[in-house]
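What follows is the content of query14.cif (mmCIF, C-alpha atoms).
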```
data_query
#
loop_
_atom_site.label_atom_id
_atom_site.label_comp_id
_atom_site.auth_asym_id
_atom_site.auth_seq_id
_atom_site.Cartn_x
_atom_site.Cartn_y
_atom_site.Cartn_z
CA MET K 1 106.17 29.04 19.09
CA SER K 2 105.05 32.30 20.08
CA ILE K 3 101.75 33.26 21.31
CA ALA K 4 100.94 35.32 18.24
CA ALA K 5 101.79 32.42 15.99
CA HIS K 6 99.75 30.15 18.12
CA ILE K 7 96.71 32.53 17.94
CA ALA K 8 97.15 32.83 14.16
CA ALA K 9 97.27 29.04 13.87
CA GLU K 10 94.14 28.74 15.99
CA GLU K 11 92.31 31.33 13.83
CA GLN K 12 93.12 29.33 10.73
CA MET K 13 91.87 26.12 12.29
CA ASN K 14 88.57 27.41 13.80
CA PRO K 15 85.74 25.70 11.89
CA LEU K 16 83.14 28.13 13.21
CA LEU K 17 84.82 31.14 11.63
CA PRO K 18 85.53 30.38 7.97
CA ALA K 19 87.86 32.53 5.93
CA TRP K 20 86.45 35.70 4.32
CA PRO K 21 87.06 34.60 0.74
CA GLU K 22 85.05 31.40 1.36
CA ILE K 23 82.15 33.40 2.82
CA ILE K 24 82.10 35.73 -0.21
CA ILE K 25 82.27 32.85 -2.72
CA GLY K 26 79.56 30.91 -0.76
CA LEU K 27 77.25 33.94 -0.67
CA LEU K 28 77.82 34.63 -4.37
CA CYS K 29 77.03 30.98 -5.28
CA PHE K 30 73.97 31.05 -2.99
CA PHE K 31 72.53 34.16 -4.70
CA ILE K 32 73.23 32.72 -8.19
CA VAL K 33 71.44 29.46 -7.32
CA PHE K 34 68.64 31.37 -5.53
CA GLY K 35 68.20 33.68 -8.54
CA PHE K 36 68.15 30.71 -10.95
CA LEU K 37 65.60 28.87 -8.85
CA GLY K 38 63.53 32.05 -8.44
CA LYS K 39 63.47 32.67 -12.20
CA LYS K 40 63.05 29.11 -13.49
CA LEU K 41 61.59 26.90 -10.77
CA LEU K 42 59.37 29.32 -8.82
CA PRO K 43 56.99 30.14 -11.75
CA SER K 44 56.38 26.44 -12.45
CA ILE K 45 55.79 25.78 -8.72
CA GLU K 46 53.34 28.70 -8.60
CA LYS K 47 51.63 27.38 -11.73
CA VAL K 48 51.22 23.91 -10.19
CA LEU K 49 49.98 25.41 -6.92
CA SER K 50 47.52 27.62 -8.82
CA GLU K 51 46.22 24.62 -10.77
CA ARG K 52 45.80 22.64 -7.55
CA ARG K 53 44.02 25.57 -5.90
CA ASP K 54 41.68 25.88 -8.92
CA ALA K 55 41.09 22.12 -8.93
CA ILE K 56 40.30 22.12 -5.21
CA GLU K 57 38.03 25.17 -5.44
CA GLY K 58 36.35 23.78 -8.58
CA GLY K 59 35.92 20.42 -6.87
CA MET K 60 34.36 22.11 -3.89
CA GLU K 61 32.05 24.13 -6.16
CA ARG K 62 31.12 20.97 -8.04
CA ALA K 63 30.54 19.17 -4.73
CA GLU K 64 28.34 22.03 -3.51
CA ALA K 65 26.41 22.00 -6.81
CA ALA K 66 26.02 18.22 -6.60
CA GLN K 67 24.87 18.52 -3.00
CA ALA K 68 22.32 21.20 -3.95
CA GLU K 69 21.10 19.02 -6.83
CA ALA K 70 20.89 16.03 -4.50
CA GLN K 71 18.87 18.12 -2.02
CA VAL K 72 16.48 19.17 -4.82
CA LEU K 73 16.12 15.54 -5.91
CA LEU K 74 15.55 14.47 -2.30
CA GLU K 75 12.78 17.05 -1.87
CA GLN K 76 11.27 15.98 -5.19
CA TYR K 77 11.45 12.33 -4.11
CA ARG K 78 9.80 13.14 -0.79
CA ALA K 79 7.03 15.07 -2.55
CA GLU K 80 6.46 12.19 -4.98
CA LEU K 81 6.47 9.71 -2.10
CA ALA K 82 3.91 11.77 -0.19
CA GLU K 83 1.78 12.02 -3.34
CA ALA K 84 2.08 8.25 -3.90
CA ARG K 85 1.03 7.59 -0.31
CA HIS K 86 -1.93 9.92 -0.71
CA GLU K 87 -2.90 8.20 -3.96
CA ALA K 88 -2.55 4.76 -2.35
CA ALA K 89 -4.77 5.86 0.54
CA ARG K 90 -7.33 7.24 -1.92
CA ILE K 91 -7.30 4.01 -3.96
CA THR K 92 -7.62 1.93 -0.79
CA GLU K 93 -10.57 4.01 0.39
CA HIS K 94 -12.19 3.79 -3.04
CA ALA K 95 -11.71 -0.01 -3.08
CA ARG K 96 -13.14 -0.24 0.43
CA GLU K 97 -16.19 1.78 -0.65
CA GLN K 98 -16.64 -0.37 -3.76
CA GLY K 99 -16.31 -3.52 -1.65
CA ALA K 100 -18.92 -2.27 0.81
CA ALA K 101 -21.26 -1.34 -2.06
CA LEU K 102 -20.72 -4.75 -3.67
CA VAL K 103 -21.42 -6.53 -0.37
CA ALA K 104 -24.60 -4.47 0.12
CA GLU K 105 -25.69 -5.21 -3.46
CA MET K 106 -25.02 -8.92 -3.02
CA ARG K 107 -26.99 -8.91 0.24
CA GLU K 108 -29.92 -7.22 -1.46
CA GLU K 109 -29.75 -9.70 -4.35
CA GLY K 110 -29.57 -12.61 -1.90
CA GLN K 111 -32.53 -11.18 0.04
CA ARG K 112 -34.54 -10.82 -3.19
CA GLN K 113 -33.69 -14.37 -4.22
CA ARG K 114 -34.57 -15.68 -0.77
CA GLU K 115 -37.89 -13.84 -0.80
CA SER K 116 -38.60 -15.14 -4.30
CA ILE K 117 -37.81 -18.72 -3.27
CA VAL K 118 -39.91 -18.41 -0.10
CA ALA K 119 -42.82 -16.92 -2.06
CA ALA K 120 -42.58 -19.68 -4.67
CA GLY K 121 -42.47 -22.26 -1.86
CA HIS K 122 -45.54 -20.73 -0.16
CA ALA K 123 -47.39 -20.66 -3.48
CA GLN K 124 -46.48 -24.28 -4.12
CA ILE K 125 -47.54 -25.28 -0.60
CA GLU K 126 -50.84 -23.43 -1.01
CA ALA K 127 -51.47 -25.10 -4.37
CA ASP K 128 -50.59 -28.52 -2.96
CA LYS K 129 -52.84 -27.83 0.04
CA LYS K 130 -55.78 -26.89 -2.20
CA GLN K 131 -55.20 -29.94 -4.37
CA ALA K 132 -54.92 -32.21 -1.31
CA THR K 133 -58.05 -30.63 0.22
CA ALA K 134 -60.00 -31.16 -2.99
CA ALA K 135 -58.79 -34.75 -3.30
CA LEU K 136 -59.52 -35.38 0.37
CA ARG K 137 -63.02 -33.92 0.09
CA GLN K 138 -63.75 -36.11 -2.88
CA ASP K 139 -62.34 -39.22 -1.17
CA VAL K 140 -64.12 -38.47 2.12
CA GLY K 141 -67.36 -37.77 0.25
CA SER K 142 -67.07 -40.98 -1.69
CA LEU K 143 -66.26 -43.02 1.41
CA ALA K 144 -69.04 -41.36 3.39
CA SER K 145 -71.50 -42.00 0.59
CA GLN K 146 -70.49 -45.66 0.36
CA LEU K 147 -70.72 -46.03 4.12
CA ALA K 148 -74.12 -44.38 4.24
CA SER K 149 -75.30 -46.63 1.40
CA ARG K 150 -74.24 -49.70 3.31
CA ILE K 151 -75.87 -48.48 6.52
CA VAL K 152 -79.13 -47.42 4.88
CA GLY K 153 -79.09 -50.26 2.44
CA GLU K 154 -79.92 -48.18 -0.61
CA SER K 155 -77.79 -46.34 -3.10
CA LEU K 156 -77.15 -42.64 -2.69
CA GLU K 157 -76.08 -41.94 -6.24
CA ASP K 158 -77.29 -38.38 -6.67
CA HIS K 159 -73.94 -36.80 -7.10
CA ALA K 160 -74.91 -33.11 -6.82
CA ARG K 161 -76.82 -33.69 -3.67
CA GLN K 162 -74.08 -35.87 -2.29
CA SER K 163 -71.43 -33.14 -2.95
CA GLY K 164 -73.59 -30.48 -1.29
CA VAL K 165 -74.09 -32.57 1.85
CA ILE K 166 -70.42 -33.47 2.05
CA ASP K 167 -69.23 -29.89 1.50
CA ARG K 168 -71.63 -28.59 4.16
CA PHE K 169 -70.43 -31.26 6.60
CA LEU K 170 -66.72 -30.52 5.96
CA ASP K 171 -67.30 -26.76 6.26
CA GLU K 172 -68.92 -27.30 9.64
CA LEU K 173 -65.95 -29.42 10.74
CA GLU K 174 -63.50 -26.72 9.60
CA ALA K 175 -65.48 -24.02 11.43
CA LYS K 176 -65.43 -26.08 14.63
CA ALA K 177 -61.68 -26.70 14.24
CA ALA K 178 -61.05 -22.98 13.72
CA ALA K 179 -63.19 -22.08 16.72
CA SER K 180 -61.36 -24.52 18.97
CA ALA K 181 -57.97 -23.26 17.68
CA GLY K 182 -59.05 -19.65 18.33
CA ALA K 183 -60.16 -20.56 21.87
CA LYS K 184 -56.75 -21.96 22.67
#
```
As a first step, turn the structure in this file into structure tokens.
Amino acid sequence: MSIAAHIAAEEQMNPLLPAWPEIIIGLLCFFIVFGFLGKKLLPSIEKVLSERRDAIEGGMERAEAAQAEAQVLLEQYRAELAEARHEAARITEHAREQGAALVAEMREEGQRQRESIVAAGHAQIEADKKQATAALRQDVGSLASQLASRIVGESLEDHARQSGVIDRFLDELEAKAAASAGAK
């Protein structure tokens, strides 16, 4: 074989350099497929991408709107919570004031009842003392009169005179008792 034939055989066999008719047919098929895809498939891909972009942007807008609404609700909740705390503090203070007023009123009522009971007790004691004093005077007068009758041997039945003597005697005893108590 000659060198020229050998070079021609090598050019035919080189896989990196295809034949010109194959390159032309390959390019022609590539442009036909590219044109078909560009006319048919590209608009539907752009439509899907546009819908996704709108969905994402709309979702973000909805998320921002929901976040703004949530922020408004949070501020409203905080304001209501602060108002509820203020109202609870006011009610607590009002209840405390009412409790203090009720305690003061009950103390006053208890004091009035105590004073009434003490006054009634003092009045009862004074009445019992007067009654006991009167009964004691009568008994002492009677016993003194009987004793004097036995000593003298005659009856001292004049009642008015007897009462006067006894009362004068008891008054003198009381005056002496008061004077000795005052001296102490």
Quick one: what's the axis-aligned box for segment 56-65 of chain K, all listed atoms, 4 Å on every side, centre and edges in Å to one decimal, as lines of an AutoDock Vina configuration file?
```
center_x = 33.4
center_y = 22.2
center_z = -6.0
size_x = 21.9
size_y = 14.0
size_z = 13.1
```
* **Atomic distance atom CA of Ala89 of chain K - atom CA of Glu105 of chain K, expressed in Å with one decimal** => 24.0 Å
* Name every residue that the PyMOL selection byres ((chain K and resi 129-141) around 9) selects in this structure, writing the answer as JSON, numbers by chain with chains first and numbers rising. => {"K": [124, 125, 126, 127, 128, 142, 143, 144, 145, 146, 162, 163, 165, 166, 167, 170]}
* What separation in Å, quoted to one decimal, exists between atom CA of Arg107 of chain K and atom CA of Ile91 of chain K? ->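 Computing it gives 23.9 Å between the two atoms.
In this structure, atom CA of Ile151 of chain K sits 27.0 Å away from atom CA of Ala175 of chain K.
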Please output segment 101-112 of chain K, rebuilt to include all heavy atoms, as a PDB file, in the coordinates of the input.
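And here's result_2.pdb as it stands now:
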```pdb
ATOM      1  N   ALA K 101     -20.108  -1.440  -1.163  1.00  0.00           N
ATOM      2  CA  ALA K 101     -21.260  -1.340  -2.060  1.00  0.00           C
ATOM      3  C   ALA K 101     -21.564  -2.697  -2.686  1.00  0.00           C
ATOM      4  O   ALA K 101     -22.738  -3.086  -2.814  1.00  0.00           O
ATOM      5  CB  ALA K 101     -20.989  -0.303  -3.156  1.00  0.00           C
ATOM      6  N   LEU K 102     -20.522  -3.433  -3.068  1.00  0.00           N
ATOM      7  CA  LEU K 102     -20.720  -4.750  -3.670  1.00  0.00           C
ATOM      8  C   LEU K 102     -21.324  -5.715  -2.654  1.00  0.00           C
ATOM      9  O   LEU K 102     -22.244  -6.485  -2.989  1.00  0.00           O
ATOM     10  CB  LEU K 102     -19.379  -5.292  -4.175  1.00  0.00           C
ATOM     11  CG  LEU K 102     -19.421  -6.598  -4.955  1.00  0.00           C
ATOM     12  CD1 LEU K 102     -20.271  -6.449  -6.199  1.00  0.00           C
ATOM     13  CD2 LEU K 102     -18.019  -7.031  -5.334  1.00  0.00           C
ATOM     14  N   VAL K 103     -20.854  -5.662  -1.412  1.00  0.00           N
ATOM     15  CA  VAL K 103     -21.420  -6.530  -0.370  1.00  0.00           C
ATOM     16  C   VAL K 103     -22.885  -6.190  -0.147  1.00  0.00           C
ATOM     17  O   VAL K 103     -23.738  -7.083  -0.044  1.00  0.00           O
ATOM     18  CB  VAL K 103     -20.601  -6.394   0.944  1.00  0.00           C
ATOM     19  CG1 VAL K 103     -21.342  -6.989   2.118  1.00  0.00           C
ATOM     20  CG2 VAL K 103     -19.241  -7.065   0.790  1.00  0.00           C
ATOM     21  N   ALA K 104     -23.206  -4.884  -0.078  1.00  0.00           N
ATOM     22  CA  ALA K 104     -24.600  -4.470   0.120  1.00  0.00           C
ATOM     23  C   ALA K 104     -25.465  -4.920  -1.056  1.00  0.00           C
ATOM     24  O   ALA K 104     -26.588  -5.419  -0.868  1.00  0.00           O
ATOM     25  CB  ALA K 104     -24.679  -2.954   0.282  1.00  0.00           C
ATOM     26  N   GLU K 105     -24.940  -4.787  -2.265  1.00  0.00           N
ATOM     27  CA  GLU K 105     -25.690  -5.210  -3.460  1.00  0.00           C
ATOM     28  C   GLU K 105     -25.922  -6.712  -3.451  1.00  0.00           C
ATOM     29  O   GLU K 105     -27.027  -7.177  -3.760  1.00  0.00           O
ATOM     30  CB  GLU K 105     -24.901  -4.791  -4.705  1.00  0.00           C
ATOM     31  CG  GLU K 105     -25.605  -5.110  -5.997  1.00  0.00           C
ATOM     32  CD  GLU K 105     -24.780  -4.678  -7.197  1.00  0.00           C
ATOM     33  OE1 GLU K 105     -24.121  -3.621  -7.136  1.00  0.00           O
ATOM     34  OE2 GLU K 105     -24.813  -5.406  -8.206  1.00  0.00           O
ATOM     35  N   MET K 106     -24.875  -7.462  -3.063  1.00  0.00           N
ATOM     36  CA  MET K 106     -25.020  -8.920  -3.020  1.00  0.00           C
ATOM     37  C   MET K 106     -26.018  -9.334  -1.939  1.00  0.00           C
ATOM     38  O   MET K 106     -26.788 -10.277  -2.129  1.00  0.00           O
ATOM     39  CB  MET K 106     -23.662  -9.581  -2.766  1.00  0.00           C
ATOM     40  CG  MET K 106     -22.686  -9.392  -3.913  1.00  0.00           C
ATOM     41  SD  MET K 106     -23.403  -9.909  -5.459  1.00  0.00           S
ATOM     42  CE  MET K 106     -22.498 -11.365  -5.738  1.00  0.00           C
ATOM     43  N   ARG K 107     -26.011  -8.618  -0.806  1.00  0.00           N
ATOM     44  CA  ARG K 107     -26.990  -8.910   0.240  1.00  0.00           C
ATOM     45  C   ARG K 107     -28.405  -8.668  -0.259  1.00  0.00           C
ATOM     46  O   ARG K 107     -29.307  -9.475  -0.004  1.00  0.00           O
ATOM     47  CB  ARG K 107     -26.728  -8.019   1.460  1.00  0.00           C
ATOM     48  CG  ARG K 107     -25.720  -8.568   2.401  1.00  0.00           C
ATOM     49  CD  ARG K 107     -25.711  -7.802   3.710  1.00  0.00           C
ATOM     50  NE  ARG K 107     -24.606  -8.258   4.527  1.00  0.00           N
ATOM     51  CZ  ARG K 107     -23.782  -7.482   5.170  1.00  0.00           C
ATOM     52  NH1 ARG K 107     -23.954  -6.187   5.147  1.00  0.00           N
ATOM     53  NH2 ARG K 107     -22.804  -7.993   5.887  1.00  0.00           N
ATOM     54  N   GLU K 108     -28.586  -7.531  -0.929  1.00  0.00           N
ATOM     55  CA  GLU K 108     -29.920  -7.220  -1.460  1.00  0.00           C
ATOM     56  C   GLU K 108     -30.358  -8.275  -2.467  1.00  0.00           C
ATOM     57  O   GLU K 108     -31.507  -8.716  -2.451  1.00  0.00           O
ATOM     58  CB  GLU K 108     -29.919  -5.836  -2.103  1.00  0.00           C
ATOM     59  CG  GLU K 108     -29.807  -4.698  -1.114  1.00  0.00           C
ATOM     60  CD  GLU K 108     -29.663  -3.351  -1.790  1.00  0.00           C
ATOM     61  OE1 GLU K 108     -29.838  -3.278  -3.032  1.00  0.00           O
ATOM     62  OE2 GLU K 108     -29.393  -2.366  -1.088  1.00  0.00           O
ATOM     63  N   GLU K 109     -29.429  -8.678  -3.341  1.00  0.00           N
ATOM     64  CA  GLU K 109     -29.750  -9.700  -4.350  1.00  0.00           C
ATOM     65  C   GLU K 109     -30.088 -11.017  -3.659  1.00  0.00           C
ATOM     66  O   GLU K 109     -31.045 -11.709  -4.027  1.00  0.00           O
ATOM     67  CB  GLU K 109     -28.575  -9.891  -5.312  1.00  0.00           C
ATOM     68  CG  GLU K 109     -28.808 -10.944  -6.372  1.00  0.00           C
ATOM     69  CD  GLU K 109     -29.937 -10.583  -7.327  1.00  0.00           C
ATOM     70  OE1 GLU K 109     -30.231  -9.402  -7.527  1.00  0.00           O
ATOM     71  OE2 GLU K 109     -30.544 -11.524  -7.882  1.00  0.00           O
ATOM     72  N   GLY K 110     -29.297 -11.387  -2.644  1.00  0.00           N
ATOM     73  CA  GLY K 110     -29.570 -12.610  -1.900  1.00  0.00           C
ATOM     74  C   GLY K 110     -30.921 -12.536  -1.192  1.00  0.00           C
ATOM     75  O   GLY K 110     -31.679 -13.519  -1.165  1.00  0.00           O
ATOM     76  N   GLN K 111     -31.234 -11.365  -0.627  1.00  0.00           N
ATOM     77  CA  GLN K 111     -32.530 -11.180   0.040  1.00  0.00           C
ATOM     78  C   GLN K 111     -33.669 -11.315  -0.967  1.00  0.00           C
ATOM     79  O   GLN K 111     -34.674 -11.969  -0.680  1.00  0.00           O
ATOM     80  CB  GLN K 111     -32.567  -9.784   0.710  1.00  0.00           C
ATOM     81  CG  GLN K 111     -33.789  -9.526   1.542  1.00  0.00           C
ATOM     82  CD  GLN K 111     -33.834 -10.364   2.810  1.00  0.00           C
ATOM     83  OE1 GLN K 111     -32.820 -10.855   3.278  1.00  0.00           O
ATOM     84  NE2 GLN K 111     -35.007 -10.537   3.354  1.00  0.00           N
ATOM     85  N   ARG K 112     -33.497 -10.703  -2.145  1.00  0.00           N
ATOM     86  CA  ARG K 112     -34.540 -10.820  -3.190  1.00  0.00           C
ATOM     87  C   ARG K 112     -34.713 -12.271  -3.628  1.00  0.00           C
ATOM     88  O   ARG K 112     -35.840 -12.749  -3.777  1.00  0.00           O
ATOM     89  CB  ARG K 112     -34.181  -9.938  -4.390  1.00  0.00           C
ATOM     90  CG  ARG K 112     -34.498  -8.479  -4.208  1.00  0.00           C
ATOM     91  CD  ARG K 112     -34.412  -7.729  -5.522  1.00  0.00           C
ATOM     92  NE  ARG K 112     -33.082  -7.758  -6.099  1.00  0.00           N
ATOM     93  CZ  ARG K 112     -32.142  -6.857  -5.878  1.00  0.00           C
ATOM     94  NH1 ARG K 112     -32.382  -5.849  -5.090  1.00  0.00           N
ATOM     95  NH2 ARG K 112     -30.960  -6.961  -6.439  1.00  0.00           N
TER      96      ARG K 112
END
```
